[in-house]
Each structure stands twice: as C-alpha cells, then as structure tokens.
$ cat coords.txt   # compact mmCIF, C-alpha atoms and all ligand atoms
# COMPACT_ATOMS: atom_id res chain seq x y z
CA MET A 1111 -25.94 0.21 19.82
CA ASN A 1112 -28.10 -1.92 22.12
CA SER A 1113 -29.66 -5.19 20.98
CA GLN A 1114 -33.17 -3.74 20.67
CA GLU A 1115 -31.98 -1.07 18.27
CA THR A 1116 -30.37 -3.73 16.14
CA ALA A 1117 -33.46 -5.92 16.27
CA LEU A 1118 -35.77 -3.17 15.07
CA ASP A 1119 -33.45 -1.53 12.59
CA PRO A 1120 -35.54 -1.01 9.43
CA ARG A 1121 -32.67 -0.52 6.98
CA PRO A 1122 -33.05 -2.67 3.86
CA GLU A 1123 -29.72 -4.42 4.29
CA LYS A 1124 -31.12 -5.90 7.49
CA GLY A 1125 -33.86 -7.72 5.60
CA ILE A 1126 -36.78 -7.47 3.27
CA PHE A 1127 -39.03 -4.43 3.74
CA PRO A 1128 -42.57 -5.11 4.98
CA LEU A 1129 -44.22 -3.85 1.80
CA GLU A 1130 -42.10 -6.07 -0.42
CA TYR A 1131 -42.77 -9.02 1.88
CA LEU A 1132 -46.53 -8.39 1.90
CA LYS A 1133 -46.63 -8.20 -1.89
CA ALA A 1134 -44.74 -11.46 -2.26
CA GLN A 1135 -47.03 -13.18 0.23
CA GLY A 1136 -50.08 -11.70 -1.50
CA LYS A 1137 -48.99 -13.28 -4.80
CA ARG A 1138 -48.61 -16.65 -3.12
CA ILE A 1139 -52.06 -16.50 -1.49
CA ASN A 1140 -53.48 -15.47 -4.83
CA GLN A 1141 -52.05 -18.60 -6.41
CA LYS A 1142 -53.66 -20.77 -3.78
CA LEU A 1143 -57.11 -19.25 -3.81
CA LYS A 1144 -57.80 -18.07 -7.30
CA ASP A 1145 -58.87 -21.38 -8.81
CA ILE A 1146 -61.56 -22.31 -6.34
CA ASP A 1147 -64.86 -20.50 -6.63
CA TRP A 1148 -66.78 -19.30 -3.59
CA ASN A 1149 -69.69 -21.71 -3.95
CA LYS A 1150 -67.34 -24.64 -3.84
CA PHE A 1151 -65.06 -23.08 -1.25
CA LYS A 1152 -67.78 -22.13 1.22
CA ASN A 1153 -68.89 -25.76 1.63
CA LEU A 1154 -65.45 -27.16 2.41
CA PRO A 1155 -64.86 -28.21 6.03
CA LEU A 1156 -63.53 -25.28 8.08
CA LYS A 1157 -60.12 -26.86 8.65
CA GLU A 1158 -59.62 -27.14 4.89
CA ARG A 1159 -60.74 -23.56 4.32
CA ALA A 1160 -58.40 -22.40 7.05
CA GLU A 1161 -55.47 -23.93 5.15
CA TYR A 1162 -56.22 -21.74 2.15
CA PHE A 1163 -55.74 -18.60 4.26
CA ASN A 1164 -52.40 -19.71 5.69
CA LEU A 1165 -48.93 -19.56 4.19
CA ASP A 1166 -46.21 -21.78 5.66
CA GLY A 1167 -48.56 -22.69 8.51
CA GLU A 1168 -49.24 -19.09 9.53
CA PRO A 1169 -52.21 -16.86 8.77
CA TYR A 1170 -52.00 -14.38 5.92
CA HIS A 1171 -55.71 -13.65 5.94
CA LEU A 1172 -56.56 -13.93 9.63
CA ILE A 1173 -60.13 -15.21 9.69
CA PHE A 1174 -60.69 -18.12 12.11
CA ALA A 1175 -59.11 -19.28 15.36
CA GLN A 1176 -58.68 -22.67 13.68
CA GLN A 1177 -55.83 -21.19 11.62
CA PHE A 1178 -53.52 -20.88 14.62
CA THR A 1179 -51.11 -23.42 16.02
CA ARG A 1180 -49.59 -23.35 19.45
CA GLU A 1181 -46.24 -22.45 17.87
CA TYR A 1182 -47.80 -19.43 16.17
CA ILE A 1183 -49.38 -18.32 19.46
CA ASP A 1184 -46.12 -18.76 21.38
CA ARG A 1185 -44.26 -16.65 18.85
CA LEU A 1186 -46.97 -14.01 18.77
CA CYS A 1187 -46.85 -13.70 22.57
CA LYS A 1188 -43.07 -13.31 22.41
CA VAL A 1189 -43.41 -10.55 19.82
CA ALA A 1190 -46.06 -8.82 21.96
CA ASN A 1191 -43.73 -9.00 24.98
CA ALA A 1192 -40.84 -7.61 22.94
CA LEU A 1193 -42.93 -4.70 21.66
CA ARG A 1194 -44.04 -3.93 25.19
CA LYS A 1195 -40.44 -3.76 26.33
CA VAL A 1196 -39.43 -1.54 23.45
CA ARG A 1197 -42.21 0.90 24.33
CA ARG A 1198 -40.88 1.13 27.87
CA ASP A 1199 -37.33 1.75 26.68
CA GLU A 1200 -37.16 5.43 25.67
CA SER A 1201 -34.00 5.02 23.66
CA ALA A 1202 -35.52 2.29 21.51
CA SER A 1203 -39.08 3.57 21.24
CA MET A 1204 -38.27 5.92 18.36
CA LYS A 1205 -37.23 2.93 16.29
CA VAL A 1206 -40.59 1.16 16.28
CA PRO A 1207 -42.58 3.57 14.09
CA LEU A 1208 -39.99 3.18 11.36
CA VAL A 1209 -40.89 -0.45 10.86
CA ALA A 1210 -43.91 0.25 8.70
CA ALA A 1211 -43.96 4.00 8.24
CA ASN A 1212 -45.04 3.85 4.61
CA LEU A 1213 -48.04 1.53 5.11
CA GLN A 1214 -51.73 2.18 5.58
CA ALA A 1215 -54.54 0.09 7.02
CA SER A 1216 -58.23 0.43 6.20
CA ILE A 1217 -60.46 -0.30 9.15
CA TYR A 1218 -63.97 -1.17 8.05
CA PHE A 1219 -66.28 -1.66 11.02
CA GLY A 1220 -69.93 -2.13 10.13
CA GLN A 1221 -70.74 -3.06 13.72
CA SER A 1222 -70.18 -1.16 16.96
CA SER A 1223 -66.83 -1.39 18.66
CA THR A 1224 -64.71 0.50 21.15
CA ARG A 1225 -61.84 -1.77 22.16
CA THR A 1226 -61.21 -3.75 19.00
CA ARG A 1227 -61.28 -0.66 16.82
CA ARG A 1228 -59.22 1.54 19.14
CA SER A 1229 -56.67 -1.16 19.91
CA PHE A 1230 -56.15 -1.80 16.21
CA GLU A 1231 -55.75 1.94 15.65
CA SER A 1232 -53.26 2.12 18.53
CA ALA A 1233 -51.44 -0.97 17.29
CA CYS A 1234 -51.12 0.61 13.85
CA ALA A 1235 -49.91 3.87 15.38
CA ALA A 1236 -47.32 2.03 17.48
CA LEU A 1237 -45.84 0.63 14.27
CA GLY A 1238 -46.13 3.81 12.24
CA ILE A 1239 -48.97 2.48 10.08
CA ASP A 1240 -51.60 5.09 9.17
CA SER A 1241 -55.10 3.76 9.74
CA PHE A 1242 -58.35 5.01 8.23
CA LEU A 1243 -61.74 4.16 9.57
CA VAL A 1244 -64.98 3.57 7.72
CA GLN A 1245 -67.37 2.80 10.48
CA ASP A 1246 -70.83 3.25 9.19
CA ALA A 1247 -72.10 1.91 5.88
CA THR A 1248 -74.67 4.71 5.75
CA THR A 1249 -71.86 7.20 5.21
CA SER A 1250 -70.23 5.07 2.50
CA SER A 1251 -71.41 4.39 -1.03
CA GLN A 1252 -73.41 1.44 0.24
CA SER A 1253 -76.14 4.00 0.78
CA LYS A 1254 -76.07 4.37 -3.03
CA GLY A 1255 -76.49 0.62 -3.51
CA GLU A 1256 -72.87 -0.50 -3.61
CA THR A 1257 -72.24 -4.10 -2.54
CA GLU A 1258 -70.15 -4.98 0.52
CA LEU A 1259 -67.52 -6.59 -1.67
CA ASP A 1260 -67.19 -3.49 -3.88
CA THR A 1261 -66.82 -1.31 -0.77
CA ILE A 1262 -64.17 -3.68 0.55
CA GLN A 1263 -62.29 -3.78 -2.75
CA THR A 1264 -62.36 0.02 -2.81
CA LEU A 1265 -61.00 0.31 0.72
CA VAL A 1266 -58.08 -2.02 0.06
CA SER A 1267 -57.14 0.07 -2.97
CA TYR A 1268 -55.88 2.61 -0.43
CA GLY A 1269 -54.09 0.40 2.01
CA GLU A 1270 -51.94 -2.62 2.74
CA PHE A 1271 -54.26 -4.21 5.31
CA LEU A 1272 -58.00 -4.53 5.77
CA ILE A 1273 -59.23 -4.87 9.33
CA MET A 1274 -62.94 -5.54 9.35
CA ARG A 1275 -65.93 -6.27 11.55
CA HIS A 1276 -69.41 -7.10 10.37
CA LYS A 1277 -72.67 -8.47 11.69
CA GLU A 1278 -72.78 -10.97 8.83
CA ALA A 1279 -71.10 -14.23 9.77
CA ARG A 1280 -68.41 -15.27 7.28
CA LEU A 1281 -68.17 -11.90 5.50
CA ALA A 1282 -64.48 -11.57 6.39
CA GLU A 1283 -63.91 -15.00 4.90
CA LYS A 1284 -65.80 -14.08 1.76
CA ALA A 1285 -63.86 -10.81 1.49
CA SER A 1286 -60.49 -12.55 1.73
CA HIS A 1287 -61.52 -15.15 -0.82
CA HIS A 1288 -62.68 -12.32 -3.10
CA LEU A 1289 -59.54 -10.19 -2.67
CA ALA A 1290 -57.26 -13.10 -3.38
CA ARG A 1291 -58.75 -13.10 -6.85
CA THR A 1292 -57.97 -9.42 -7.44
CA ASN A 1293 -54.62 -7.74 -7.91
CA ARG A 1294 -54.71 -6.39 -4.33
CA PRO A 1295 -54.96 -9.45 -2.12
CA VAL A 1296 -54.02 -7.55 1.04
CA PRO A 1297 -54.31 -9.38 4.37
CA VAL A 1298 -57.82 -9.34 5.81
CA ILE A 1299 -57.99 -9.37 9.59
CA ASN A 1300 -61.29 -10.43 11.05
CA GLY A 1301 -62.22 -8.13 13.93
CA GLY A 1302 -65.47 -10.00 14.59
CA SER A 1303 -67.79 -11.72 12.12
CA GLY A 1304 -71.41 -12.01 13.27
CA THR A 1305 -71.99 -14.70 15.84
CA ASP A 1306 -69.27 -17.00 14.57
CA GLN A 1307 -65.68 -15.83 15.13
CA HIS A 1308 -63.53 -13.22 16.84
CA PRO A 1309 -60.01 -14.60 16.37
CA THR A 1310 -57.96 -11.57 17.47
CA GLN A 1311 -59.96 -11.30 20.70
CA ALA A 1312 -59.22 -14.99 21.34
CA LEU A 1313 -55.52 -14.29 20.79
CA LEU A 1314 -55.48 -11.48 23.34
CA ASP A 1315 -57.49 -13.63 25.75
CA ILE A 1316 -55.07 -16.51 25.46
CA TYR A 1317 -52.12 -14.10 25.79
CA THR A 1318 -53.65 -12.79 29.02
CA LEU A 1319 -54.15 -16.33 30.31
CA ILE A 1320 -50.64 -17.44 29.35
CA TYR A 1321 -49.18 -14.38 31.06
CA THR A 1322 -51.29 -14.93 34.18
CA PHE A 1323 -50.48 -18.62 34.55
CA GLU A 1324 -46.82 -18.26 33.56
CA GLU A 1325 -45.60 -18.79 37.11
CA LYS A 1326 -48.49 -21.05 38.06
CA GLY A 1327 -47.67 -24.10 35.99
CA GLY A 1328 -48.81 -22.67 32.64
CA LEU A 1329 -52.16 -22.96 30.92
CA ASP A 1330 -51.90 -26.73 30.42
CA GLY A 1331 -54.24 -28.63 32.72
CA LYS A 1332 -56.28 -25.59 33.76
CA LYS A 1333 -60.06 -25.51 34.10
CA VAL A 1334 -61.60 -22.62 32.19
CA ALA A 1335 -65.29 -21.76 32.43
CA LEU A 1336 -66.99 -19.84 29.62
CA VAL A 1337 -70.06 -18.08 30.98
CA GLY A 1338 -72.96 -16.11 29.53
CA ASP A 1339 -74.46 -15.98 26.05
CA LEU A 1340 -72.66 -18.95 24.58
CA LYS A 1341 -75.26 -19.33 21.86
CA ASN A 1342 -74.57 -16.01 20.12
CA GLY A 1343 -71.21 -15.02 21.60
CA ARG A 1344 -68.37 -15.21 19.07
CA THR A 1345 -65.53 -14.63 21.52
CA ILE A 1346 -66.10 -17.87 23.40
CA LYS A 1347 -66.18 -19.95 20.21
CA SER A 1348 -62.81 -18.68 19.05
CA LEU A 1349 -61.36 -18.93 22.55
CA ALA A 1350 -62.62 -22.49 23.15
CA TYR A 1351 -60.72 -23.55 20.05
CA LEU A 1352 -57.49 -21.92 21.21
CA LEU A 1353 -57.85 -23.55 24.63
CA SER A 1354 -58.01 -26.93 22.90
CA LEU A 1355 -54.39 -26.42 21.82
CA TYR A 1356 -53.26 -26.73 25.46
CA GLU A 1357 -52.70 -30.12 27.10
CA GLY A 1358 -55.33 -31.30 29.54
CA VAL A 1359 -57.34 -28.07 29.55
CA GLU A 1360 -60.89 -28.61 30.76
CA ILE A 1361 -63.68 -26.35 29.49
CA VAL A 1362 -67.01 -25.75 31.21
CA PHE A 1363 -69.81 -24.08 29.25
CA CYS A 1364 -71.83 -22.33 31.95
CA ALA A 1365 -75.09 -20.68 30.88
CA PRO A 1366 -78.83 -20.72 31.40
CA ASP A 1367 -80.39 -23.26 29.02
CA GLU A 1368 -81.62 -20.66 26.51
CA PHE A 1369 -78.08 -19.26 26.12
CA GLN A 1370 -76.17 -22.54 26.11
CA ILE A 1371 -73.83 -23.25 23.18
CA LEU A 1372 -75.68 -25.01 20.36
CA PRO A 1373 -74.84 -28.70 19.95
CA ASP A 1374 -73.96 -28.38 16.26
CA GLU A 1375 -71.33 -25.66 16.76
CA GLN A 1376 -68.13 -26.25 14.80
CA VAL A 1377 -65.98 -25.67 17.86
CA LEU A 1378 -67.59 -28.58 19.70
CA LYS A 1379 -66.60 -30.83 16.81
CA ASP A 1380 -63.07 -29.46 17.10
CA LEU A 1381 -62.99 -30.12 20.84
CA ASP A 1382 -64.23 -33.68 20.26
CA ALA A 1383 -61.60 -34.23 17.60
CA ALA A 1384 -58.87 -32.94 19.92
CA GLY A 1385 -60.14 -35.12 22.80
CA VAL A 1386 -60.72 -32.06 25.01
CA LYS A 1387 -62.78 -32.63 28.13
CA TYR A 1388 -65.76 -30.27 28.25
CA THR A 1389 -68.93 -30.17 30.31
CA TYR A 1390 -72.07 -28.03 30.62
CA SER A 1391 -73.15 -26.34 33.80
CA GLY A 1392 -75.91 -24.12 35.11
CA ASP A 1393 -74.24 -23.61 38.47
CA PHE A 1394 -72.33 -20.33 38.32
CA GLU A 1395 -71.49 -20.32 42.04
CA GLU A 1396 -69.82 -23.70 41.77
CA ILE A 1397 -67.90 -22.46 38.72
CA LEU A 1398 -66.58 -19.48 40.67
CA LYS A 1399 -65.26 -21.78 43.39
CA THR A 1400 -63.68 -24.46 41.25
CA SER A 1401 -62.31 -22.89 38.04
CA ASP A 1402 -58.86 -21.50 37.35
CA ALA A 1403 -60.34 -18.91 35.00
CA VAL A 1404 -63.90 -17.70 34.47
CA TYR A 1405 -64.57 -15.92 31.18
CA MET A 1406 -67.78 -13.89 31.41
CA THR A 1407 -69.79 -12.53 28.48
CA ARG A 1408 -72.88 -10.35 28.02
CA ILE A 1409 -76.15 -11.14 26.28
CA GLN A 1410 -75.79 -10.50 22.53
CA ASP A 1411 -79.28 -9.11 22.05
CA GLU A 1412 -78.27 -7.16 18.93
CA TYR A 1413 -78.80 -10.36 16.94
CA ASP A 1414 -82.42 -10.66 18.01
CA GLU A 1415 -84.55 -8.86 15.46
CA THR A 1416 -87.74 -9.38 17.48
CA GLY A 1417 -86.20 -7.34 20.32
CA LYS A 1418 -87.60 -9.80 22.84
CA THR A 1419 -84.32 -11.09 24.25
CA GLN A 1420 -83.65 -9.94 27.79
CA LYS A 1421 -80.83 -7.39 28.16
CA SER A 1422 -79.09 -8.83 31.18
CA PHE A 1423 -78.66 -12.13 32.91
CA ALA A 1424 -80.52 -12.85 36.11
CA ASN A 1425 -78.33 -12.09 39.12
CA GLU A 1426 -77.71 -15.82 39.38
CA TYR A 1427 -75.19 -15.54 36.49
CA CYS A 1428 -73.60 -12.26 37.54
CA LEU A 1429 -70.59 -11.64 39.75
CA THR A 1430 -72.40 -9.44 42.25
CA PRO A 1431 -70.78 -8.36 45.57
CA ASP A 1432 -72.57 -11.13 47.47
CA LYS A 1433 -70.60 -13.65 45.38
CA PHE A 1434 -67.14 -12.07 45.69
CA ASP A 1435 -66.27 -14.40 48.57
CA LEU A 1436 -67.07 -17.43 46.45
CA VAL A 1437 -64.35 -16.62 43.91
CA GLY A 1438 -61.50 -19.05 44.49
CA PRO A 1439 -58.26 -17.49 45.76
CA GLN A 1440 -56.54 -18.51 42.48
CA THR A 1441 -59.55 -18.01 40.21
CA TYR A 1442 -59.17 -15.28 37.59
CA ILE A 1443 -62.07 -13.39 36.07
CA LEU A 1444 -62.01 -12.34 32.42
CA HIS A 1445 -64.49 -10.53 30.17
CA PRO A 1446 -64.03 -9.31 26.56
CA LEU A 1447 -66.14 -6.23 27.49
CA PRO A 1448 -68.43 -4.39 27.07
CA ARG A 1449 -70.15 -5.59 30.24
CA ARG A 1450 -73.58 -4.89 31.51
CA ASP A 1451 -74.35 -6.41 34.91
CA GLU A 1452 -72.18 -9.52 34.57
CA ILE A 1453 -69.41 -8.19 36.82
CA HIS A 1454 -70.00 -5.59 39.50
CA HIS A 1455 -67.49 -2.72 39.16
CA ALA A 1456 -66.48 -3.18 42.80
CA PHE A 1457 -64.51 -6.24 41.65
CA ASP A 1458 -62.40 -4.20 39.19
CA ASN A 1459 -59.48 -3.59 41.51
CA ASP A 1460 -59.28 -7.16 42.74
CA GLU A 1461 -56.03 -8.76 41.60
CA ARG A 1462 -58.02 -11.65 40.14
CA ALA A 1463 -59.85 -9.28 37.76
CA LEU A 1464 -58.12 -9.52 34.38
CA TYR A 1465 -60.53 -7.68 32.10
CA TRP A 1466 -58.81 -4.30 32.14
CA ARG A 1467 -55.52 -6.05 31.47
CA GLN A 1468 -57.16 -7.78 28.51
CA VAL A 1469 -58.02 -4.33 27.12
CA ARG A 1470 -54.39 -3.20 27.21
CA ASN A 1471 -53.10 -6.57 26.00
CA GLY A 1472 -55.35 -6.18 22.95
CA MET A 1473 -53.15 -3.40 21.64
CA TRP A 1474 -49.92 -5.39 22.02
CA ILE A 1475 -51.28 -8.59 20.58
CA ARG A 1476 -52.73 -6.72 17.58
CA ALA A 1477 -49.45 -4.94 17.01
CA ALA A 1478 -47.75 -8.36 17.18
CA ILE A 1479 -50.24 -9.74 14.62
CA LEU A 1480 -49.29 -6.94 12.22
CA ILE A 1481 -45.58 -7.55 12.84
CA MET A 1482 -45.99 -11.27 12.10
CA LEU A 1483 -47.97 -10.51 8.93
CA MET A 1484 -45.14 -8.28 7.74
CA GLY A 1485 -42.57 -10.99 8.44
CA TRP A 1486 -40.84 -8.62 10.82
CA ASP A 1487 -40.92 -11.00 13.80
CA THR A 1488 -37.63 -12.48 12.72
CA LYS A 1489 -36.07 -9.02 13.08
CA ILE A 1490 -37.41 -8.72 16.58
CA LEU A 1491 -36.85 -12.19 17.94
CA ASP A 1492 -34.14 -14.03 16.05
C1 LIG B 1501 -66.89 -8.56 21.96
C2 LIG B 1501 -67.41 -8.63 20.54
O1 LIG B 1501 -67.50 -7.64 19.84
O2 LIG B 1501 -67.75 -9.75 20.15
N1 LIG B 1501 -66.30 -7.34 22.29
C3 LIG B 1501 -65.01 -7.06 21.94
O3 LIG B 1501 -64.60 -7.19 20.80
N2 LIG B 1501 -64.19 -6.66 22.92
C4 LIG B 1501 -67.88 -9.00 22.96
C5 LIG B 1501 -69.21 -8.32 23.01
O4 LIG B 1501 -69.51 -7.40 22.24
O5 LIG B 1501 -69.98 -8.72 23.88

$ encode --input "coords.txt" --output "structure tokens"
Amino acid sequence: MNSQETALDPRPEKGIFPLEYLKAQGKRINQKLKDIDWNKFKNLPLKERAEYFNLDGEPYHLIFAQQFTREYIDRLCKVANALRKVRRDESASMKVPLVAANLQASIYFGQSSTRTRRSFESACAALGIDSFLVQDATTSSQSKGETELDTIQTLVSYGEFLIMRHKEARLAEKASHHLARTNRPVPVINGGSGTDQHPTQALLDIYTLIYTFEEKGGLDGKKVALVGDLKNGRTIKSLAYLLSLYEGVEIVFCAPDEFQILPDEQVLKDLDAAGVKYTYSGDFEEILKTSDAVYMTRIQDEYDETGKTQKSFANEYCLTPDKFDLVGPQTYILHPLPRRDEIHHAFDNDERALYWRQVRNGMWIRAAILIMLMGWDTKILD
C-alpha cells in the first residue's frame, strides 16, 4: 500500500469519521454562540466576532478573512497540494471520494456566480459530497413570504454544510449565528456577502500567490497592487487582510477617486493595527511597472440601484495591448473574474497571467477547506 492510500483511508479505525467530527464541533460552537443575542453580537468588534466562529483557532463557520492565521493558510495550502497530487495519481484517486461519501452540502446562492458555485460543486464532488443548489429565491418559498433565515434553516436540515452567497452584507454571519442556536449548527461557508467579504476567494488568491512566489523568495516583502472598484469590491477587502499576515508586504490601492477604498473600511483599521505599509495611487501604468502582483477587479455596478454607475473603467485602468510592454518581467496579473475590459484577452496566454490558474486553484482550495472542516487534514498530512 502506498503512503497516499494510507493517508486517505476512510476506515473508522484510522480516525473519527467526518460526520461524527462535524457533530462534535457543532455542539462546541453551539455552546459558544448560544448565549449572546444577535443585537449584542452584531455590534462587537469584528475580531471578537471572528473568535466566536472559530474552534481551536480555526474556522468552523467560515465567514471573514479575519478568522484565518498564517498557520491555517499554510496548512490549507498543503492540503490543497496533497489533494491535487492524489487526483493525478490514478491508483489513489478512487480513495478520495470515500472520505465524505455520506455527506451533503446545500449551496444557497442568491447572487450570480459561475466560478465560486461551480468550484464548490466540483470540490464537493472530488470528496464524494453530494451538493444541492438553490440559486434563485424566486423559485424557493421566499416567493411565498418566507424569511431568509427560515429558508437557510430549511436547507441545512438536508445537509452537513451550507455554502452561501448573498447580496446582503453580513447575512452569512447572521445565518451562522442563527444556526448555532438551533440543533443543526452546520458549518456556514461564506461564498460572498454583499460588498463586504469573500473569504474563500481570498484564500484561493493567496494560494495562487504563494505558489507563484514559492521559488521567488516567498510572498513576504512583495508589493501587491489592488486595482479597480475598491469601494464596492469584496474580494480585495478579504485579500488585503490576508496579505497583512505576510511580513513586509506592501499594498497599493490603485483606483480612480470615485472607486477608491473608503477610509472607514474595517480592513484599513486591520492594516494599521498590523503596521502594514499601504498607499493610494491613481497611476495604473506605474503600478504595472513596479508591482510584484497586480490584482485587477471589475466595476461592481450591481450594487448601484440608480443604474448610473459606468459599466467599465476608462482605458487608463485597463490592461490593453498598448500597455503589455509596461508589465514588469516579474509582475503577475490576477483577477477574480468575471472581467469586462480590465484585461485584454490577448494577455491570457502570457506566463504572467494568473487568472485562469486562480479559477482552477479555487476548486482545490475549496476542497481543502472542506477537508479541514471535517478534521480530515490530519489523515492527509500527518
Ligand atoms: C467575484 C465576486 O463575486 O465577488 N467573483 C468571484 O467570486 N470569482 C468578483 C466579481 O464578481 O467581480
């Protein structure tokens, strides 16, 4: 028997089954959260709230980037790498689905998605977890007047995980607080909550950066520019926090004034507290020349109810063919996608273009998240 087969062997004598583990963790989270009501809870500082969703320093409900430590991220990346290897190894690949073959995940996406939804579905499939999608509230009982929280409680009655996305900021947080007070406090994974957080995207972004800079001195000390709609974009807020966990990282917020990150954003307070150097810029060309990584984003006009927001950035903030030569030889370009005009498709096959790798990495990092939640990482790594 090779070592991978041993590592992924799901027989009970090798360790606690995922379902048993999840139930035990659910009871513990319940204990922590049940005595604090939402009105009190919602006004606590984010760092304190984050602690309520963690067990032993690791997320159980995965809601904000501020829940993660560098140790957690390192371990997650190792699990993602291990899963990748197992997939490539034909003899071991049959073992992976057995890990969680009796579990189900409800995917509740009240906001559009291609990559996050599909990569979660693929991640579940890779581990043998059945996933069920409720994508549109108009086809659920919400059209009959049911509340979001009742819909959510219903969906978790049929599964061991809830993966959710919603246009309302903080709904995932509210859902996890609510579920922890029921008898089915299953892990809630935030797949994007309004304009505030997108923690699993940040994890796949950081995984991509770590992987890319592995042989280039690591992520410590790198200059990372976040470009685009920094006012409404949730990906950059979660990512900026994760970047702050790396020594000497410098962050540049590059956007036209009307899309610049708002001064009262939580993440700026976190960067200040961590002593991270960050600056603001309106000079995209300079950013392309001098950064180690440039993370582009689109305009988030879906949050503008007046419909007046422009749909695309002026060419000045787009990586158009005339700017390809400005991109530094060691400067990598990322984008959470979907893109509009921010990056011309002719750049896609450049080795500095990381966005299609991010898409694939999303599946592995999300599978790794599920493995860590089930406590199965020890079986894979130790
Ligand atoms: C992002 C999102 O939904 O916030 N997309 C994604 O999850 N890959 C970015 C975006 O929609 O612009």

$ closest_residue --input "coords.txt" --among "A:His1454, A:Glu1426, A:Ser1229, A:Thr1322" --to "Tyr1442 (chain A)" --atoms "all atoms listed in the file"
A:Thr1322

$ residues_around --input "coords.txt" --residues "Arg1225 (chain A)" --least-positions-apart "5" --cutoff "10 Å" --atoms "only C-alpha atoms" --output "JSON, numbers by chain"
{"A": [1230, 1231, 1311, 1446, 1447, 1448, 1468, 1469, 1470, 1472, 1473]}

$ residues_near_ligand --input "coords.txt" --ligand "ligand LIG 1501 (chain B)" --cutoff "8 Å" --atoms "only C-alpha atoms and all ligand atoms" --output "JSON, numbers by chain"
{"A": [1222, 1223, 1224, 1225, 1226, 1301, 1302, 1305, 1308, 1311, 1343, 1344, 1345, 1407, 1408, 1409, 1410, 1446, 1447, 1448, 1449, 1469]}

$ residues_around --input "coords.txt" --residues "region 1241-1256 of chain A" --least-positions-apart "2" --cutoff "8 Å" --atoms "all atoms listed in the file" --output "list in words"
Gln1214, Ala1215, Ser1216, Ile1217, Tyr1218, Phe1219, Gly1220, Gln1221, Glu1231, Cys1234, Ala1235, Ile1239, Glu1258, Asp1260 and Thr1261 of chain A

$ write_last_selection --input "coords.txt" --atoms "C-alpha atoms" --output "mmCIF file, in the coordinates of the input"
data_model
loop_
_atom_site.group_PDB
_atom_site.id
_atom_site.type_symbol
_atom_site.label_atom_id
_atom_site.label_comp_id
_atom_site.auth_asym_id
_atom_site.auth_seq_id
_atom_site.Cartn_x
_atom_site.Cartn_y
_atom_site.Cartn_z
ATOM 1 C CA GLN A 1214 -51.730 2.180 5.580
ATOM 2 C CA ALA A 1215 -54.540 0.090 7.020
ATOM 3 C CA SER A 1216 -58.230 0.430 6.200
ATOM 4 C CA ILE A 1217 -60.460 -0.300 9.150
ATOM 5 C CA TYR A 1218 -63.970 -1.170 8.050
ATOM 6 C CA PHE A 1219 -66.280 -1.660 11.020
ATOM 7 C CA GLY A 1220 -69.930 -2.130 10.130
ATOM 8 C CA GLN A 1221 -70.740 -3.060 13.720
ATOM 9 C CA GLU A 1231 -55.750 1.940 15.650
ATOM 10 C CA CYS A 1234 -51.120 0.610 13.850
ATOM 11 C CA ALA A 1235 -49.910 3.870 15.380
ATOM 12 C CA ILE A 1239 -48.970 2.480 10.080
ATOM 13 C CA GLU A 1258 -70.150 -4.980 0.520
ATOM 14 C CA ASP A 1260 -67.190 -3.490 -3.880
ATOM 15 C CA THR A 1261 -66.820 -1.310 -0.770
#

$ residues_around --input "coords.txt" --residues "region 1384-1392 of chain A" --least-positions-apart "4" --cutoff "10 Å" --atoms "all atoms listed in the file" --output "PyMOL selection string"
chain A and resi 1333-1337+1350-1351+1353-1367+1370-1371+1378-1380+1396-1397+1426-1427
